[in-house]
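Engineer: Sharing model32.pdb, PDB, C-alpha atoms:
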```pdb
MODEL        1
ATOM      1  CA  MET L   1      -3.275  -2.890 290.215
ATOM      2  CA  GLN L   2      -1.293  -4.926 287.786
ATOM      3  CA  GLN L   3       1.404  -2.351 287.188
ATOM      4  CA  PHE L   4       2.396  -2.411 290.875
ATOM      5  CA  ASN L   5       2.605  -6.198 291.159
ATOM      6  CA  VAL L   6       5.970  -7.671 292.027
ATOM      7  CA  HIS L   7       6.626 -11.109 290.588
ATOM      8  CA  LYS L   8       9.612 -13.402 290.403
ATOM      9  CA  ILE L   9      11.704 -13.723 287.298
ATOM     10  CA  GLY L  10      13.673 -16.917 287.021
ATOM     11  CA  PRO L  11      14.329 -19.429 289.787
ATOM     12  CA  GLU L  12      13.578 -18.893 293.455
ATOM     13  CA  ILE L  13      16.680 -18.095 295.487
ATOM     14  CA  LYS L  14      16.599 -18.562 299.230
ATOM     15  CA  ILE L  15      19.549 -17.806 301.470
ATOM     16  CA  ALA L  16      19.170 -18.516 305.206
ATOM     17  CA  GLY L  17      15.395 -18.396 304.953
ATOM     18  CA  VAL L  18      15.378 -14.994 303.237
ATOM     19  CA  ASP L  19      13.769 -14.791 299.816
ATOM     20  CA  LEU L  20      16.338 -13.186 297.516
ATOM     21  CA  SER L  21      14.744 -14.054 294.183
ATOM     22  CA  PHE L  22      15.212 -11.785 291.195
ATOM     23  CA  THR L  23      11.962  -9.879 290.638
ATOM     24  CA  ASN L  24      10.704  -7.439 288.053
ATOM     25  CA  SER L  25      11.491  -4.715 290.592
ATOM     26  CA  SER L  26      15.146  -5.772 290.640
ATOM     27  CA  LEU L  27      15.109  -5.999 286.862
ATOM     28  CA  PHE L  28      14.004  -2.398 286.526
ATOM     29  CA  MET L  29      16.592  -1.255 289.082
ATOM     30  CA  VAL L  30      19.228  -2.944 286.941
ATOM     31  CA  ILE L  31      17.781  -1.310 283.816
ATOM     32  CA  SER L  32      17.815   2.153 285.436
ATOM     33  CA  ALA L  33      21.375   1.700 286.653
ATOM     34  CA  SER L  34      22.493   0.494 283.211
ATOM     35  CA  VAL L  35      20.810   3.445 281.508
ATOM     36  CA  ILE L  36      22.639   5.821 283.864
ATOM     37  CA  LEU L  37      25.958   4.095 283.202
ATOM     38  CA  LEU L  38      25.412   4.119 279.452
ATOM     39  CA  PHE L  39      24.333   7.757 279.447
ATOM     40  CA  LEU L  40      27.274   8.937 281.543
ATOM     41  CA  PHE L  41      29.674   6.778 279.559
ATOM     42  CA  LEU L  42      28.485   8.292 276.277
ATOM     43  CA  GLY L  43      28.442  11.758 277.834
ATOM     44  CA  THR L  44      32.037  11.617 279.035
ATOM     45  CA  ARG L  45      33.544   9.568 276.200
ATOM     46  CA  GLU L  46      34.875  12.485 274.167
ATOM     47  CA  LYS L  47      35.767  15.482 276.257
ATOM     48  CA  LYS L  48      35.312  18.212 273.690
ATOM     49  CA  ILE L  49      35.621  21.951 274.266
ATOM     50  CA  VAL L  50      32.376  22.469 272.405
ATOM     51  CA  PRO L  51      30.232  19.703 273.895
ATOM     52  CA  ASP L  52      27.757  17.762 271.822
ATOM     53  CA  LYS L  53      24.251  17.292 273.126
ATOM     54  CA  ILE L  54      24.780  14.241 275.301
ATOM     55  CA  GLN L  55      27.956  15.632 276.857
ATOM     56  CA  LEU L  56      26.122  18.880 277.534
ATOM     57  CA  ILE L  57      23.342  17.049 279.373
ATOM     58  CA  ALA L  58      25.825  15.012 281.419
ATOM     59  CA  GLU L  59      27.680  18.190 282.383
ATOM     60  CA  MET L  60      24.403  19.884 283.276
ATOM     61  CA  PHE L  61      23.560  17.084 285.701
ATOM     62  CA  TYR L  62      27.013  17.367 287.231
ATOM     63  CA  THR L  63      26.864  21.120 287.772
ATOM     64  CA  PHE L  64      23.256  20.910 288.955
ATOM     65  CA  VAL L  65      24.105  18.468 291.753
ATOM     66  CA  ALA L  66      27.402  20.190 292.582
ATOM     67  CA  LYS L  67      25.643  23.544 292.920
ATOM     68  CA  MET L  68      22.853  22.018 295.001
ATOM     69  CA  ILE L  69      25.379  20.547 297.458
ATOM     70  CA  SER L  70      27.459  23.701 297.781
ATOM     71  CA  ASP L  71      24.336  25.851 298.204
ATOM     72  CA  THR L  72      22.692  23.755 300.916
ATOM     73  CA  ALA L  73      25.490  21.977 302.761
ATOM     74  CA  GLY L  74      28.547  24.125 302.086
ATOM     75  CA  SER L  75      32.062  23.127 301.116
ATOM     76  CA  LYS L  76      32.354  20.562 303.926
ATOM     77  CA  ALA L  77      29.923  18.308 302.070
ATOM     78  CA  LYS L  78      32.104  18.025 298.960
ATOM     79  CA  PRO L  79      33.390  14.514 299.837
ATOM     80  CA  TYR L  80      29.796  13.261 299.742
ATOM     81  CA  PHE L  81      29.235  14.410 296.169
ATOM     82  CA  PRO L  82      29.538  10.910 294.618
ATOM     83  CA  PHE L  83      26.925   9.522 296.992
ATOM     84  CA  ILE L  84      24.401  12.312 296.450
ATOM     85  CA  PHE L  85      25.003  12.327 292.700
ATOM     86  CA  SER L  86      24.368   8.570 292.424
ATOM     87  CA  LEU L  87      21.338   8.857 294.681
ATOM     88  CA  PHE L  88      19.856  11.659 292.591
ATOM     89  CA  MET L  89      20.544   9.904 289.306
ATOM     90  CA  PHE L  90      19.170   6.589 290.553
ATOM     91  CA  VAL L  91      15.914   8.055 291.858
ATOM     92  CA  LEU L  92      15.524  10.228 288.756
ATOM     93  CA  PHE L  93      16.088   7.382 286.313
ATOM     94  CA  CYS L  94      13.886   4.959 288.263
ATOM     95  CA  ASN L  95      11.099   7.540 288.093
ATOM     96  CA  MET L  96      11.684   8.263 284.419
ATOM     97  CA  VAL L  97      11.986   4.610 283.370
ATOM     98  CA  GLY L  98       8.720   4.049 285.236
ATOM     99  CA  MET L  99       7.038   6.571 282.947
ATOM    100  CA  LEU L 100       7.508   4.292 279.930
ATOM    101  CA  PRO L 101       4.461   2.175 279.089
ATOM    102  CA  TYR L 102       4.599  -1.448 280.288
ATOM    103  CA  SER L 103       7.448  -0.667 282.656
ATOM    104  CA  PHE L 104       7.579  -0.986 286.413
ATOM    105  CA  THR L 105       8.121   1.991 288.728
ATOM    106  CA  VAL L 106      10.616   0.911 291.354
ATOM    107  CA  THR L 107      10.056   3.998 293.502
ATOM    108  CA  SER L 108       6.295   3.413 293.757
ATOM    109  CA  HIS L 109       6.956   0.791 296.450
ATOM    110  CA  ILE L 110       7.455   2.081 299.955
ATOM    111  CA  ILE L 111       9.929  -0.630 300.878
ATOM    112  CA  VAL L 112      12.384   0.635 298.256
ATOM    113  CA  THR L 113      12.121   4.283 299.246
ATOM    114  CA  LEU L 114      12.122   3.446 302.960
ATOM    115  CA  ILE L 115      15.354   1.479 302.670
ATOM    116  CA  MET L 116      17.003   4.386 300.839
ATOM    117  CA  ALA L 117      15.710   6.867 303.419
ATOM    118  CA  LEU L 118      16.771   4.691 306.355
ATOM    119  CA  PHE L 119      20.226   4.291 304.853
ATOM    120  CA  ILE L 120      20.548   8.071 304.568
ATOM    121  CA  PHE L 121      19.174   8.561 308.093
ATOM    122  CA  ILE L 122      21.565   6.080 309.692
ATOM    123  CA  ALA L 123      24.526   7.281 307.626
ATOM    124  CA  VAL L 124      23.860  10.918 308.557
ATOM    125  CA  THR L 125      23.530  10.008 312.242
ATOM    126  CA  ILE L 126      26.827   8.104 312.151
ATOM    127  CA  ILE L 127      28.544  10.988 310.319
ATOM    128  CA  GLY L 128      27.234  13.382 312.962
ATOM    129  CA  PHE L 129      28.560  11.271 315.828
ATOM    130  CA  VAL L 130      31.913  10.729 314.105
ATOM    131  CA  LYS L 131      32.408  14.448 313.424
ATOM    132  CA  HIS L 132      31.168  15.811 316.746
ATOM    133  CA  GLY L 133      31.171  12.921 319.219
ATOM    134  CA  PHE L 134      28.558  13.185 321.930
ATOM    135  CA  LYS L 135      28.168  16.890 321.218
ATOM    136  CA  TYR L 136      25.970  15.788 318.321
ATOM    137  CA  LEU L 137      23.217  15.147 320.874
ATOM    138  CA  ASN L 138      23.016  18.932 321.219
ATOM    139  CA  ILE L 139      20.763  19.065 318.164
ATOM    140  CA  PHE L 140      18.021  17.733 320.433
ATOM    141  CA  VAL L 141      18.556  20.588 322.888
ATOM    142  CA  PRO L 142      17.928  23.953 321.254
ATOM    143  CA  SER L 143      19.617  26.889 322.922
ATOM    144  CA  GLY L 144      17.674  29.550 324.788
ATOM    145  CA  VAL L 145      14.923  27.299 326.122
ATOM    146  CA  PRO L 146      13.798  27.600 329.784
ATOM    147  CA  VAL L 147      14.851  24.650 331.942
ATOM    148  CA  VAL L 148      11.233  23.820 332.785
ATOM    149  CA  LEU L 149      10.361  23.261 329.143
ATOM    150  CA  LEU L 150      13.545  21.395 328.280
ATOM    151  CA  PRO L 151      12.283  17.783 328.722
ATOM    152  CA  LEU L 152       9.221  18.521 326.611
ATOM    153  CA  ILE L 153      11.187  20.250 323.855
ATOM    154  CA  THR L 154      13.757  17.455 323.784
ATOM    155  CA  VAL L 155      11.062  14.820 323.271
ATOM    156  CA  ILE L 156       9.519  16.897 320.484
ATOM    157  CA  GLU L 157      12.929  17.346 318.850
ATOM    158  CA  ILE L 158      13.575  13.603 319.006
ATOM    159  CA  ILE L 159      10.220  12.850 317.373
ATOM    160  CA  SER L 160      10.986  15.462 314.747
ATOM    161  CA  TYR L 161      14.366  13.841 314.094
ATOM    162  CA  LEU L 162      12.865  10.345 313.877
ATOM    163  CA  SER L 163      10.208  11.538 311.442
ATOM    164  CA  ARG L 164      12.862  12.390 308.843
ATOM    165  CA  PRO L 165      13.156   8.974 307.154
ATOM    166  CA  VAL L 166       9.367   8.579 307.242
ATOM    167  CA  SER L 167       8.646  11.870 305.527
ATOM    168  CA  LEU L 168      11.499  11.349 303.063
ATOM    169  CA  SER L 169      10.309   7.911 301.978
ATOM    170  CA  VAL L 170       6.567   8.511 302.116
ATOM    171  CA  ARG L 171       6.847  11.642 299.981
ATOM    172  CA  LEU L 172       8.626   9.907 297.100
ATOM    173  CA  PHE L 173       6.511   6.752 297.283
ATOM    174  CA  ALA L 174       3.166   8.573 297.575
ATOM    175  CA  ASN L 175       3.894  10.953 294.720
ATOM    176  CA  MET L 176       4.928   8.209 292.346
ATOM    177  CA  MET L 177       2.117   5.863 293.277
ATOM    178  CA  ALA L 178      -0.586   8.548 293.216
ATOM    179  CA  GLY L 179       0.581   9.769 289.832
ATOM    180  CA  HIS L 180       0.530   6.353 288.244
ATOM    181  CA  THR L 181      -2.826   5.517 289.794
ATOM    182  CA  MET L 182      -4.281   8.753 288.453
ATOM    183  CA  LEU L 183      -3.013   7.966 284.960
ATOM    184  CA  LYS L 184      -4.571   4.519 285.209
ATOM    185  CA  VAL L 185      -7.931   5.929 286.352
ATOM    186  CA  PHE L 186      -8.082   8.414 283.485
ATOM    187  CA  GLY L 187      -6.984   5.694 281.068
ATOM    188  CA  GLY L 188      -9.884   3.593 282.343
ATOM    189  CA  PHE L 189     -12.298   6.483 281.703
ATOM    190  CA  VAL L 190     -11.177   6.650 278.087
ATOM    191  CA  ILE L 191     -12.120   3.000 277.601
ATOM    192  CA  SER L 192     -15.429   3.121 279.446
ATOM    193  CA  LEU L 193     -16.658   6.342 277.808
ATOM    194  CA  GLY L 194     -15.789   5.033 274.359
ATOM    195  CA  LEU L 195     -15.495   6.944 271.120
ATOM    196  CA  LEU L 196     -18.059   9.594 272.080
ATOM    197  CA  GLY L 197     -16.993  10.834 275.513
ATOM    198  CA  GLY L 198     -13.487   9.476 275.735
ATOM    199  CA  TRP L 199     -11.710  12.478 274.287
ATOM    200  CA  LEU L 200     -11.797  14.609 277.414
ATOM    201  CA  PRO L 201     -10.128  12.048 279.709
ATOM    202  CA  LEU L 202      -7.672  11.310 276.905
ATOM    203  CA  GLY L 203      -6.687  14.958 276.918
ATOM    204  CA  PHE L 204      -6.346  14.821 280.680
ATOM    205  CA  SER L 205      -4.167  11.746 280.367
ATOM    206  CA  VAL L 206      -1.817  13.561 278.024
ATOM    207  CA  ALA L 207      -1.618  16.547 280.373
ATOM    208  CA  LEU L 208      -1.104  14.292 283.390
ATOM    209  CA  THR L 209       1.730  12.481 281.643
ATOM    210  CA  GLY L 210       3.481  15.800 281.279
ATOM    211  CA  LEU L 211       2.817  16.588 284.929
ATOM    212  CA  GLU L 212       4.111  13.179 285.953
ATOM    213  CA  ILE L 213       7.409  13.768 284.173
ATOM    214  CA  LEU L 214       7.723  17.034 286.092
ATOM    215  CA  VAL L 215       6.896  15.252 289.357
ATOM    216  CA  ALA L 216       9.418  12.511 288.580
ATOM    217  CA  PHE L 217      12.151  15.104 288.233
ATOM    218  CA  LEU L 218      10.960  17.177 291.174
ATOM    219  CA  GLN L 219      10.807  14.259 293.573
ATOM    220  CA  ALA L 220      14.320  13.156 292.688
ATOM    221  CA  TYR L 221      15.427  16.739 293.293
ATOM    222  CA  VAL L 222      13.587  16.967 296.626
ATOM    223  CA  PHE L 223      14.995  13.612 297.738
ATOM    224  CA  ALA L 224      18.540  14.734 296.968
ATOM    225  CA  ILE L 225      18.178  18.220 298.427
ATOM    226  CA  LEU L 226      16.753  16.889 301.699
ATOM    227  CA  THR L 227      19.701  14.520 301.945
ATOM    228  CA  CYS L 228      21.933  17.572 301.569
ATOM    229  CA  ILE L 229      20.005  19.424 304.277
ATOM    230  CA  TYR L 230      20.281  16.519 306.730
ATOM    231  CA  LEU L 231      23.947  16.221 305.894
ATOM    232  CA  ASN L 232      24.319  19.939 306.564
ATOM    233  CA  ASP L 233      22.757  19.500 310.022
ATOM    234  CA  ALA L 234      25.226  16.727 310.780
ATOM    235  CA  LEU L 235      28.301  18.516 309.444
ATOM    236  CA  ASN L 236      27.709  22.064 310.641
ATOM    237  CA  LEU L 237      26.350  21.861 314.158
ATOM    238  CA  HIS L 238      24.827  25.207 315.098
ATOM    239  CA  HIS L 239      21.851  24.950 317.340
TER
ATOM    240  CA  MET G   1      44.435  22.095 274.517
ATOM    241  CA  THR G   2      44.605  25.032 272.137
ATOM    242  CA  ILE G   3      41.504  27.083 271.643
ATOM    243  CA  PRO G   4      40.980  28.230 268.051
ATOM    244  CA  GLU G   5      40.344  31.929 267.415
ATOM    245  CA  ASP G   6      36.855  31.583 265.928
ATOM    246  CA  PHE G   7      35.809  29.553 268.945
ATOM    247  CA  LYS G   8      36.760  32.417 271.257
ATOM    248  CA  THR G   9      34.542  34.878 269.443
ATOM    249  CA  ARG G  10      31.674  32.396 269.359
ATOM    250  CA  LEU G  11      32.061  31.879 273.100
ATOM    251  CA  LYS G  12      31.933  35.633 273.665
ATOM    252  CA  ILE G  13      28.695  35.965 271.702
ATOM    253  CA  ALA G  14      27.159  32.989 273.486
ATOM    254  CA  LYS G  15      28.085  34.392 276.903
ATOM    255  CA  LYS G  16      26.497  37.719 276.049
ATOM    256  CA  LYS G  17      23.287  35.981 275.004
ATOM    257  CA  LEU G  18      23.256  33.921 278.194
ATOM    258  CA  LYS G  19      23.609  37.017 280.372
ATOM    259  CA  LYS G  20      20.510  38.522 278.839
ATOM    260  CA  GLN G  21      18.558  35.319 279.429
ATOM    261  CA  ILE G  22      19.594  34.908 283.060
ATOM    262  CA  ASN G  23      18.384  38.372 283.926
ATOM    263  CA  SER G  24      14.903  37.761 282.594
ATOM    264  CA  ASP G  25      14.003  34.149 283.275
ATOM    265  CA  ASP G  26      12.557  32.537 286.372
ATOM    266  CA  VAL G  27      14.486  29.362 287.021
ATOM    267  CA  LYS G  28      13.149  28.844 290.485
ATOM    268  CA  LYS G  29       9.528  28.335 289.501
ATOM    269  CA  GLY G  30       9.795  24.546 289.746
ATOM    270  CA  SER G  31      11.147  24.577 293.271
ATOM    271  CA  PHE G  32       7.974  26.208 294.641
ATOM    272  CA  MET G  33       5.991  23.140 293.721
ATOM    273  CA  GLY G  34       8.620  20.953 295.341
ATOM    274  CA  GLY G  35       8.193  22.996 298.500
ATOM    275  CA  ALA G  36       4.438  22.562 298.449
ATOM    276  CA  PHE G  37       4.838  18.782 298.213
ATOM    277  CA  LYS G  38       7.429  18.867 300.961
ATOM    278  CA  ILE G  39       5.423  20.588 303.673
ATOM    279  CA  GLY G  40       2.417  18.252 303.714
ATOM    280  CA  THR G  41       4.321  15.057 304.335
ATOM    281  CA  GLU G  42       6.543  16.836 306.851
ATOM    282  CA  LEU G  43       3.530  17.365 309.135
ATOM    283  CA  VAL G  44       1.929  13.959 308.655
ATOM    284  CA  ALA G  45       5.154  12.010 309.149
ATOM    285  CA  ALA G  46       5.862  13.512 312.560
ATOM    286  CA  VAL G  47       2.303  12.852 313.781
ATOM    287  CA  ALA G  48       2.559   9.240 312.586
ATOM    288  CA  VAL G  49       5.953   8.715 314.206
ATOM    289  CA  GLY G  50       4.748  10.238 317.490
ATOM    290  CA  THR G  51       1.664   8.056 317.567
ATOM    291  CA  ILE G  52       3.644   4.900 316.791
ATOM    292  CA  ILE G  53       6.119   5.679 319.599
ATOM    293  CA  GLY G  54       3.167   6.212 321.943
ATOM    294  CA  PHE G  55       1.619   2.913 320.880
ATOM    295  CA  ILE G  56       4.861   0.992 321.443
ATOM    296  CA  LEU G  57       5.491   2.579 324.838
ATOM    297  CA  ASP G  58       1.879   1.849 325.817
ATOM    298  CA  SER G  59       2.254  -1.846 325.150
ATOM    299  CA  TRP G  60       5.592  -1.848 327.017
ATOM    300  CA  PHE G  61       4.393  -0.150 330.186
ATOM    301  CA  ASP G  62       0.806  -1.377 329.964
ATOM    302  CA  THR G  63      -0.621   2.118 330.342
ATOM    303  CA  LYS G  64      -3.191   2.100 327.560
ATOM    304  CA  PRO G  65      -4.357   4.587 326.338
ATOM    305  CA  TRP G  66      -2.512   7.435 328.059
ATOM    306  CA  LEU G  67       0.894   7.455 326.376
ATOM    307  CA  ILE G  68      -0.562   7.184 322.875
ATOM    308  CA  ILE G  69      -2.646  10.300 323.567
ATOM    309  CA  ILE G  70       0.306  12.234 324.970
ATOM    310  CA  PHE G  71       2.600  11.209 322.142
ATOM    311  CA  PHE G  72      -0.008  12.046 319.541
ATOM    312  CA  PHE G  73       0.056  15.643 320.720
ATOM    313  CA  LEU G  74       3.849  15.664 321.018
ATOM    314  CA  GLY G  75       3.994  14.330 317.460
ATOM    315  CA  THR G  76       1.700  17.092 316.274
ATOM    316  CA  ALA G  77       3.960  19.641 317.939
ATOM    317  CA  ALA G  78       6.972  18.070 316.245
ATOM    318  CA  GLY G  79       5.127  18.192 312.915
ATOM    319  CA  ILE G  80       4.374  21.879 313.289
ATOM    320  CA  LEU G  81       8.011  22.449 314.237
ATOM    321  CA  ASN G  82       9.049  20.620 311.041
ATOM    322  CA  VAL G  83       6.717  22.743 308.934
ATOM    323  CA  ILE G  84       7.981  25.984 310.465
ATOM    324  CA  ARG G  85      11.585  24.936 309.868
ATOM    325  CA  THR G  86      10.887  23.976 306.254
ATOM    326  CA  ALA G  87       9.078  27.256 305.634
ATOM    327  CA  ASN G  88      11.942  29.226 307.184
ATOM    328  CA  ARG G  89      14.434  27.408 305.012
ATOM    329  CA  MET G  90      12.377  28.095 301.907
ATOM    330  CA  GLN G  91      12.178  31.788 302.753
ATOM    331  CA  LYS G  92      15.924  31.945 303.221
ATOM    332  CA  GLU G  93      16.490  30.381 299.809
ATOM    333  CA  GLU G  94      14.559  33.075 298.022
TER
ENDMDL
END
```
Can you present the structure in this file as structure tokens?
Structural biologist:
Amino acid sequence: MQQFNVHKIGPEIKIAGVDLSFTNSSLFMVISASVILLFLFLGTREKKIVPDKIQLIAEMFYTFVAKMISDTAGSKAKPYFPFIFSLFMFVLFCNMVGMLPYSFTVTSHIIVTLIMALFIFIAVTIIGFVKHGFKYLNIFVPSGVPVVLLPLITVIEIISYLSRPVSLSVRLFANMMAGHTMLKVFGGFVISLGLLGGWLPLGFSVALTGLEILVAFLQAYVFAILTCIYLNDALNLHH
Amino acid sequence: MTIPEDFKTRLKIAKKKLKKQINSDDVKKGSFMGGAFKIGTELVAAVAVGTIIGFILDSWFDTKPWLIIIFFFLGTAAGILNVIRTANRMQKEE
């Protein structure tokens, strides 16, 4: 579909055989990041006691993420607040910017979400090894398992651990792509059924747009909260 | 920063109103749907990862098709483990 096509903007840039050209995907990442910067800049410009609307929203985002981290990963995860906050805001704004007509949804491409998930996965693994050394390998060996079953359980645990980046990235990508495809399909029905029968799918389209905005928020939330949960596993070893 | 007197009273009234709201509303409704989305992929991802590991090991050791079968089932077990863990976590949150 046309809305998922990636095309180059400007000249082709190749460094050491790798295509690094600026695409519409990169453009919309830049747009999302700029919107976040602008929004947070406006929200924190005047620090009033009685906040105006934009400051209130910025503060709500802050407390929302701060509460999420302290609830799921405890106080040890406080140093990682900037990372999780930027991650949440970036995913959220990419999803939301993608909801605008004629825009491009960055998160509807698995390569983007997979890179983010792999970064989190590798970072969490490194944090785990740095904090606990080789004891971190204990998360693959649950306590209270008979010795006979141990090899089997360990293999299952390793597969379960390796499936984390896959489930994290596929969830975000599939939700965004399915939502946009569904909107497109219903939009197509409106055209093909014409003035007589087109009203029903049009109504559906309106409802689905609302649902998509909910999903956009929810997926950003799920992405961030799962990062917190993985971080919690790495920081507080208790298996 | 000095806080003016009328602001203090306004804050008091606002806090009272907020308390009433918190008792009655259901903030957590949205997170149920997030949980529903979460569990499905959790299962599928582990099965996929298990099968891919089996496929790679098969082409390494030239033992087609035994390892892919074994790892498919191990992946399924890992997926079920993931789902149980997610469900446990969700129950704890409530």
Engineer: Which of these, L:Gly188, L:Gly210, L:Gly133, L:Pro165, has the shortest distance to Glu42 of chain G once you count all atoms listed in the file?
Structural biologist: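 When distances to Glu42 of chain G are compared using all atoms listed in the file, the smallest one comes from L:Pro165.
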Engineer: Any idea what's packed within 10 Å of segment 39-44 of chain L, counting all atoms listed in the file, ignoring anything in its chain fewer than 5 positions away? Could you give it as a PyMOL selection string?
Structural biologist: chain L and resi 33-34+51-59+61
Engineer: Which residues of chain G have any atom within 7 Å of an atom in chain L when counting all atoms listed in the file, and what is the closest pair of atoms for each, with the distance in Å to one decimal? Order the rows by chain and rising number and write it as JSON lines.
Structural biologist:
```
{"residue": "G:Gly34", "atom": "CA", "partner": "L:Leu218", "partner_atom": "CA", "distance": 6.1}
{"residue": "G:Thr41", "atom": "CA", "partner": "L:Ser167", "partner_atom": "CA", "distance": 5.5}
{"residue": "G:Glu42", "atom": "CA", "partner": "L:Ser167", "partner_atom": "CA", "distance": 5.6}
{"residue": "G:Ala45", "atom": "CA", "partner": "L:Ser167", "partner_atom": "CA", "distance": 5.0}
{"residue": "G:Ala46", "atom": "CA", "partner": "L:Ser163", "partner_atom": "CA", "distance": 4.9}
{"residue": "G:Val49", "atom": "CA", "partner": "L:Ser163", "partner_atom": "CA", "distance": 5.8}
{"residue": "G:Gly50", "atom": "CA", "partner": "L:Ile159", "partner_atom": "CA", "distance": 6.1}
{"residue": "G:Leu74", "atom": "CA", "partner": "L:Ile156", "partner_atom": "CA", "distance": 5.8}
{"residue": "G:Gly75", "atom": "CA", "partner": "L:Ile159", "partner_atom": "CA", "distance": 6.4}
{"residue": "G:Ala77", "atom": "CA", "partner": "L:Ile156", "partner_atom": "CA", "distance": 6.7}
{"residue": "G:Ala78", "atom": "CA", "partner": "L:Ser160", "partner_atom": "CA", "distance": 5.0}
{"residue": "G:Gly79", "atom": "CA", "partner": "L:Ser160", "partner_atom": "CA", "distance": 6.7}
{"residue": "G:Asn82", "atom": "CA", "partner": "L:Ser160", "partner_atom": "CA", "distance": 6.6}
```
Engineer: Of the candidates L:Pro79, L:Val106, L:Leu208, L:Asn232, which shows the shortest atom-to-atom distance to Val91 of chain L, using only C-alpha atoms?
Structural biologist: L:Val106
Engineer: Taking (10.9, -16.1, 294.5) as a centre in this file's frame and 12 Å as the limit, can you find every polymer residue with an atom that close, using all atoms listed in the file, and give them as a ChimeraX atom specification?
Structural biologist: /L:6-15,17-24,26
Engineer: Write out as a VMD selection string the residues lying within 9 Å of Trp66 of chain G, counting all atoms listed in the file and excluding same-chain residues fewer than 5 positions away.
Structural biologist: chain G and resid 54 58 71
Engineer: Report, in Å to a single decimal, how far apart atom CA of Thr51 of chain G and atom CA of Phe73 of chain G are.
Structural biologist: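 Atom-to-atom, atom CA of Phe73 of chain G to atom CA of Thr51 of chain G, that is 8.4 Å.
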Engineer: Could you check the closest approach to Phe4 of chain L for each of L:Met177, L:Met29, L:Ile84, L:Val145 and tell me which residue wins, using only C-alpha atoms?
Structural biologist: L:Met177
Engineer: Grab the atom CA of Gly187 of chain L to atom CA of Pro201 of chain L distance for me, in Å with one decimal place.
Structural biologist: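 Atom-to-atom, atom CA of Gly187 of chain L to atom CA of Pro201 of chain L, that is 7.2 Å.
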Engineer: Quick one: what's the axis-aligned box for segment 49-63 of chain G, all listed atoms, 6 Å on every side, centre and edges in Å to one decimal, as JSON?
Structural biologist:
```
{"center_x": 2.7, "center_y": 4.2, "center_z": 322.3, "size_x": 18.7, "size_y": 24.1, "size_z": 28.1}
```
Engineer: Go ahead and compute the interatomic distance for atom CA of Met60 of chain L and atom CA of Ile110 of chain L, in Å to one decimal.
Structural biologist: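 Rounded to one decimal, the two atoms are 29.7 Å apart.
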Engineer: If you count all atoms listed in the file, which residues fall within 12 Å of Pro101 of chain L, apart from same-chain ones fewer than 4 positions away, as a list in words?
Structural biologist: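 After dropping sequence-adjacent residues, the list is Gln3, Met96, Val97, Thr105, His180, Leu183, Lys184 and Thr209 of chain L.
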Engineer: Do you know which residues are at most 10 Å from Ser86 of chain L counting all atoms listed in the file, after dropping those on the same chain fewer than 4 positions away, and could you put them as a list in words?
Structural biologist: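 Close residues of Ser86 of chain L: Ala33, Ile36, Val65, Phe81, Pro82, Phe90, Val91, Leu92 and Ala224 of chain L.
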Engineer: Please save C-alpha atoms of the selected residues as a short mmCIF file (atom, residue, chain, number, x, y, z; two decimals), keeping the file's coordinate frame.
Structural biologist:
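The resulting file, result.cif, is shown below:
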```
data_model
loop_
_atom_site.label_atom_id
_atom_site.label_comp_id
_atom_site.auth_asym_id
_atom_site.auth_seq_id
_atom_site.Cartn_x
_atom_site.Cartn_y
_atom_site.Cartn_z
CA ALA L 33 21.38 1.70 286.65
CA ILE L 36 22.64 5.82 283.86
CA VAL L 65 24.10 18.47 291.75
CA PHE L 81 29.24 14.41 296.17
CA PRO L 82 29.54 10.91 294.62
CA PHE L 90 19.17 6.59 290.55
CA VAL L 91 15.91 8.06 291.86
CA LEU L 92 15.52 10.23 288.76
CA ALA L 224 18.54 14.73 296.97
#
```
